[in-house]
Amino acid sequence: MPPEIFFKDAALLALISDASIDFTPANFDAPLTDAQRAYLRRICGMDIPQVFWRKQVHGNDILEAAGGQASAKGCPDADAYVTAEKNLPIAIRTADCVPVFFFNPIRRVIGLAHAGWKGTYKAIAAKTVQKMQEKYASQPADLKIVLGPGIRECCYQVGEEFREYFPSHVRGRGGHLYADVVSANRDQLLKAGVRQENILDSRICTCCNNDYFSFRRDGEKAGRMISLMMLR
Ligand SMILES: [Zn+2]
């Protein structure tokens, strides 16, 4: 998905890769592989040798990415990042979980969150809004958000326990329950003060679209997409 689809801001790079290349990292502190770099060069027209990323643990800790270089060596595990630093590419990996992109065009700050059902339950998206407010005086009403490709209600069959986790976002169909984690994130963001008109939903289900990796569809062999943001 080309970056311009997202925020239409020439000084912001924001993209998600597709199933043509796996971004599962071998080592979080190592540069990207030649194939990954070539893919990014083709998509965004610039060389990105390394990104700022950490092990994702389905938690809700948010890391302030900084350092003037892409290496996040020594940083703790985290499922979300925020930064005001230019030329620092932050990145998360997903294969069904929802990538949430945050951009405040007034304060010129960005954020990225990996919101699977656990992170959503732990309110990682709302916490990222708060973190951006605390760290950068970013007003929730000024934020522009993109909900990227993730597994949708069409495919996300879940167990009975999800009624408790997401009482407003689980529906029955054909004798099974399905969860809508994307809507749960959207509602969480609205409650946190984000404006409805500033939330763009990609509407892409990773599980029923073969252009994307899906853990539910492909199981353990599923690759990972990269969601990447960088202020220029
Ligand atoms: Zn689907």
# chains A, B, ... in the order shown; residues from 1 in each chain; ligands from 1
$ closest_atom_pairs --of "range 43-119 of chain A" --to "range 164-182 of chain A" --cutoff "9 Å" --atoms "only C-alpha atoms" --output "Markdown table"
| residue | atom | partner | partner_atom | distance |
| --- | --- | --- | --- | --- |
| A:Cys97 | CA | A:Val181 | CA | 8.6 |
| A:Val98 | CA | A:Val182 | CA | 6.9 |
| A:Ala115 | CA | A:Val181 | CA | 8.5 |
| A:Gly116 | CA | A:Val181 | CA | 7.6 |
| A:Trp117 | CA | A:Val181 | CA | 6.3 |
$ residues_near_ligand --ligand "ligand 1" --cutoff "12 Å" --atoms "only C-alpha atoms and all ligand atoms" --output "PyMOL selection string"
chain A and resi 96+149-157+178-180+182+203-210+212+214+216-217
$ select_by_dssp --residues "range 23-135 of chain A" --states "alpha helix (DSSP H)" --output "VMD selection string"
chain A and resid 34 to 44 117 to 121 124 to 135
$ residues_around --residues "Asp77 in chain A" --least-positions-apart "5" --cutoff "12 Å" --atoms "only C-alpha atoms" --output "PDB file with N, CA and C atoms, in the first residue's frame"
ATOM      1  N   PHE A  28      16.548  -7.818  16.026  1.00  0.00           N
ATOM      2  CA  PHE A  28      16.003  -6.465  16.079  1.00  0.00           C
ATOM      3  C   PHE A  28      17.075  -5.376  15.961  1.00  0.00           C
ATOM      4  N   PHE A  52      13.610   1.319  13.681  1.00  0.00           N
ATOM      5  CA  PHE A  52      13.501   1.259  15.143  1.00  0.00           C
ATOM      6  C   PHE A  52      12.371   0.303  15.464  1.00  0.00           C
ATOM      7  N   TRP A  53      12.717  -0.880  15.976  1.00  0.00           N
ATOM      8  CA  TRP A  53      11.678  -1.820  16.391  1.00  0.00           C
ATOM      9  C   TRP A  53      12.170  -2.708  17.504  1.00  0.00           C
ATOM     10  N   ARG A  54      11.247  -3.227  18.261  1.00  0.00           N
ATOM     11  CA  ARG A  54      11.535  -4.092  19.399  1.00  0.00           C
ATOM     12  C   ARG A  54      10.662  -5.330  19.325  1.00  0.00           C
ATOM     13  N   LYS A  55      10.935  -6.266  20.217  1.00  0.00           N
ATOM     14  CA  LYS A  55      10.099  -7.452  20.324  1.00  0.00           C
ATOM     15  C   LYS A  55       8.694  -7.013  20.764  1.00  0.00           C
ATOM     16  N   GLN A  56       7.665  -7.569  20.118  1.00  0.00           N
ATOM     17  CA  GLN A  56       6.276  -7.250  20.473  1.00  0.00           C
ATOM     18  C   GLN A  56       5.744  -8.319  21.422  1.00  0.00           C
ATOM     19  N   VAL A  57       5.117  -7.869  22.487  1.00  0.00           N
ATOM     20  CA  VAL A  57       4.735  -8.811  23.538  1.00  0.00           C
ATOM     21  C   VAL A  57       3.234  -8.751  23.879  1.00  0.00           C
ATOM     22  N   HIS A  58       2.444  -8.154  22.971  1.00  0.00           N
ATOM     23  CA  HIS A  58       0.996  -8.012  23.203  1.00  0.00           C
ATOM     24  C   HIS A  58       0.713  -7.296  24.517  1.00  0.00           C
ATOM     25  N   GLY A  59       1.544  -6.315  24.827  1.00  0.00           N
ATOM     26  CA  GLY A  59       1.341  -5.508  26.028  1.00  0.00           C
ATOM     27  C   GLY A  59       0.813  -4.143  25.653  1.00  0.00           C
ATOM     28  N   ASN A  60       0.969  -3.173  26.568  1.00  0.00           N
ATOM     29  CA  ASN A  60       0.548  -1.813  26.225  1.00  0.00           C
ATOM     30  C   ASN A  60       1.607  -0.780  26.625  1.00  0.00           C
ATOM     31  N   ASP A  61       2.855  -1.216  26.685  1.00  0.00           N
ATOM     32  CA  ASP A  61       3.936  -0.257  26.939  1.00  0.00           C
ATOM     33  C   ASP A  61       4.239   0.514  25.662  1.00  0.00           C
ATOM     34  N   ILE A  62       4.484   1.804  25.846  1.00  0.00           N
ATOM     35  CA  ILE A  62       4.750   2.672  24.697  1.00  0.00           C
ATOM     36  C   ILE A  62       6.124   3.287  24.858  1.00  0.00           C
ATOM     37  N   LEU A  63       6.936   3.113  23.853  1.00  0.00           N
ATOM     38  CA  LEU A  63       8.317   3.559  23.912  1.00  0.00           C
ATOM     39  C   LEU A  63       8.461   4.874  23.163  1.00  0.00           C
ATOM     40  N   GLU A  64       9.214   5.793  23.744  1.00  0.00           N
ATOM     41  CA  GLU A  64       9.538   7.005  23.013  1.00  0.00           C
ATOM     42  C   GLU A  64      10.779   6.696  22.192  1.00  0.00           C
ATOM     43  N   ALA A  72      17.443   0.553  17.979  1.00  0.00           N
ATOM     44  CA  ALA A  72      16.725   0.648  19.243  1.00  0.00           C
ATOM     45  C   ALA A  72      17.417  -0.225  20.287  1.00  0.00           C
ATOM     46  N   ILE A  92       6.429  -1.566  13.170  1.00  0.00           N
ATOM     47  CA  ILE A  92       5.867  -2.726  13.866  1.00  0.00           C
ATOM     48  C   ILE A  92       5.596  -3.811  12.818  1.00  0.00           C
TER      49      ILE A  92
END
$ select_by_dssp --residues "range 190-230 of chain A" --states "strand (DSSP E or B)" --output "PyMOL selection string"
chain A and resi 199-201+205+225-230
$ atom_distance --atom1 "CA of Gln196 in chain A" --atom2 "CA of Val82 in chain A"
21.4 Å
$ residues_around --residues "Thr83 in chain A" --least-positions-apart "3" --cutoff "8 Å" --atoms "only C-alpha atoms" --output "list of chain:residue names"
A:Glu64, A:Ala65, A:Ala66, A:Val109, A:Ile110, A:Gly111
$ closest_residue --among "A:Gln139, A:Thr128, A:Gln188, A:Ser17" --to "Ala78 in chain A" --atoms "only C-alpha atoms"
A:Thr128
$ closest_residue --among "A:Pro76, A:Leu228, A:Asp22, A:Leu13" --to "Gly45 in chain A" --atoms "only C-alpha atoms"
A:Leu13
$ residues_around --residues "range 129-131 of chain A" --least-positions-apart "4" --cutoff "9 Å" --atoms "only C-alpha atoms" --output "list of chain:residue names"
A:Ile62, A:Glu64, A:Val82, A:Phe102, A:Gly111, A:Ile124, A:Ala125, A:Lys135, A:Tyr136, A:Ser138, A:Gln139, A:Pro140, A:Leu143, A:Leu189, A:Ala192, A:Gly193, A:Val194
$ closest_residue --among "A:Tyr121, A:Asp142, A:Ile90, A:Lys73" --to "Arg108 in chain A" --atoms "only C-alpha atoms"
A:Asp142
$ atom_distance --atom1 "CA of Asp18 in chain A" --atom2 "CA of Met46 in chain A"
17.8 Å
$ atom_distance --atom1 "CA of Ser20 in chain A" --atom2 "CA of Val158 in chain A"
28.2 Å
$ closest_residue --among "A:Ala19, A:Leu88, A:Val100, A:Ala26" --to "Pro49 in chain A" --atoms "only C-alpha atoms"
A:Leu88
